[in-house]
Amino acid sequence: MLAIACALVIAIAGWLGATPAAYAQENTVDYTLTDLSFRDFSGKQLSGTSFAAAEMREANFEKADLSRTILTKASFLRANLSSADLSGTFADRVIFDGADLSNANFTDALLTSSSFNEAILTGADFSGAIIDRFQTAQMCKYADGVNAITGVATRDSLGCR
């Protein structure tokens with residue numbers, strides 16, 4: 001199973017335009033399998049970091065740079081990700097339930113099997129993101145607003161009808 005996960009990460013890194021070695025070494029901080037609940041990461045530069053299977057319940061990531069991070073099986077339950085940059089992230093099976101995602105940038109992110117139940121989506125940009133159809137349909141029920149940075153409407157970025 002680990003070999004499959006590693007192969008998938010290497011494939012995603014290549015898809016994002018990074019060489020696998022450069023992607024893995026871009027940021028030496030590794031929060032894999034850690035409990036970061038209630039921690040304050042607001043405004044932090046965390047690009048390229050791994051948060052795989054990390055617990056970040058009610059943590060503050062407001063305006064943090066989480067671009068090109070690995071978030072697989074992580075939990076952001078009721079976390080603050082407002083105005084955070086999550087572009088190009090690998091977020092398979094991530095829990096964003098109850099999180100504040102207002103004005104978050106998820107462009108070109110891989111969000112398969114992730115959940116966004118009761119998340120605040122106002123102004124979030126999901127342009128080019130890969131999201132399960134069922135989850136997209138659920139998000140379209142309450143998505144609204146326009147991203148303050150990209151100028152893209154949340155409903156348009158999700159392809160809502």
# chains A, B, ... in the order shown; residues from 1 in each chain; ligands from 1

call {"tool": "select_by_dssp", "arguments": {"residues": "chain A", "states": "alpha helix (DSSP H)", "output": "PyMOL selection string"}}
result
chain A and resi 2-15+20-25+133-140+154-158

call {"tool": "residues_around", "arguments": {"residues": "Thr154 (chain A)", "least_positions_apart": "3", "cutoff": "9 Å", "atoms": "only C-alpha atoms", "output": "list in words"}}
result
Asn103, Leu121, Thr122, Gly123, Ala124, Asp125, Phe126, Ser127, Cys140, Ala143, Asp144, Gly145, Val146, Asn147, Ser157, Leu158, Gly159 and Cys160 of chain A

call {"tool": "closest_residue", "arguments": {"among": "A:Ser102, A:Ser114, A:Ser75, A:Thr69", "to": "Gly88 (chain A)", "atoms": "only C-alpha atoms"}}
result
A:Thr69

call {"tool": "closest_residue", "arguments": {"among": "A:Lys141, A:Arg78, A:Thr49, A:Glu62", "to": "Ser37 (chain A)", "atoms": "only C-alpha atoms"}}
result
A:Arg78

call {"tool": "closest_residue", "arguments": {"among": "A:Ser83, A:Ser67, A:Thr112, A:Asn117", "to": "Asp132 (chain A)", "atoms": "only C-alpha atoms"}}
result
A:Thr112

call {"tool": "decode", "arguments": {"residues": "region 75-87 of chain A", "atoms": "N, CA, C and O atoms", "output": "mmCIF file, in the first residue's frame"}}
result
data_model
loop_
_atom_site.group_PDB
_atom_site.id
_atom_site.type_symbol
_atom_site.label_atom_id
_atom_site.label_comp_id
_atom_site.auth_asym_id
_atom_site.auth_seq_id
_atom_site.Cartn_x
_atom_site.Cartn_y
_atom_site.Cartn_z
ATOM 1 N N SER A 75 -7.006 15.868 8.431
ATOM 2 C CA SER A 75 -8.275 16.398 8.924
ATOM 3 C C SER A 75 -8.119 17.863 9.294
ATOM 4 O O SER A 75 -7.309 18.219 10.149
ATOM 5 N N PHE A 76 -8.924 18.696 8.628
ATOM 6 C CA PHE A 76 -8.986 20.129 8.917
ATOM 7 C C PHE A 76 -10.357 20.448 9.515
ATOM 8 O O PHE A 76 -10.958 21.460 9.211
ATOM 9 N N LEU A 77 -10.869 19.588 10.369
ATOM 10 C CA LEU A 77 -12.183 19.761 10.964
ATOM 11 C C LEU A 77 -12.268 21.109 11.677
ATOM 12 O O LEU A 77 -11.470 21.406 12.567
ATOM 13 N N ARG A 78 -13.195 21.945 11.203
ATOM 14 C CA ARG A 78 -13.442 23.289 11.755
ATOM 15 C C ARG A 78 -12.188 24.175 11.785
ATOM 16 O O ARG A 78 -12.057 25.072 12.610
ATOM 17 N N ALA A 79 -11.241 23.935 10.889
ATOM 18 C CA ALA A 79 -10.020 24.751 10.815
ATOM 19 C C ALA A 79 -10.296 26.049 10.062
ATOM 20 O O ALA A 79 -11.239 26.151 9.285
ATOM 21 N N ASN A 80 -9.458 27.045 10.281
ATOM 22 C CA ASN A 80 -9.556 28.310 9.573
ATOM 23 C C ASN A 80 -8.535 28.302 8.438
ATOM 24 O O ASN A 80 -7.331 28.391 8.674
ATOM 25 N N LEU A 81 -9.042 28.190 7.200
ATOM 26 C CA LEU A 81 -8.200 28.226 6.005
ATOM 27 C C LEU A 81 -8.578 29.427 5.137
ATOM 28 O O LEU A 81 -8.332 29.432 3.939
ATOM 29 N N SER A 82 -9.148 30.448 5.749
ATOM 30 C CA SER A 82 -9.582 31.609 4.969
ATOM 31 C C SER A 82 -8.381 32.287 4.319
ATOM 32 O O SER A 82 -7.332 32.467 4.940
ATOM 33 N N SER A 83 -8.538 32.591 3.050
ATOM 34 C CA SER A 83 -7.512 33.246 2.221
ATOM 35 C C SER A 83 -6.214 32.447 2.134
ATOM 36 O O SER A 83 -5.162 33.000 1.813
ATOM 37 N N ALA A 84 -6.268 31.148 2.406
ATOM 38 C CA ALA A 84 -5.076 30.296 2.291
ATOM 39 C C ALA A 84 -4.865 29.885 0.831
ATOM 40 O O ALA A 84 -5.825 29.753 0.072
ATOM 41 N N ASP A 85 -3.623 29.699 0.441
ATOM 42 C CA ASP A 85 -3.285 29.233 -0.899
ATOM 43 C C ASP A 85 -3.059 27.728 -0.843
ATOM 44 O O ASP A 85 -2.075 27.263 -0.290
ATOM 45 N N LEU A 86 -4.012 26.978 -1.396
ATOM 46 C CA LEU A 86 -3.926 25.524 -1.459
ATOM 47 C C LEU A 86 -3.819 25.067 -2.908
ATOM 48 O O LEU A 86 -4.164 23.936 -3.234
ATOM 49 N N SER A 87 -3.313 25.927 -3.761
ATOM 50 C CA SER A 87 -3.213 25.592 -5.181
ATOM 51 C C SER A 87 -2.228 24.447 -5.389
ATOM 52 O O SER A 87 -1.190 24.371 -4.737
#
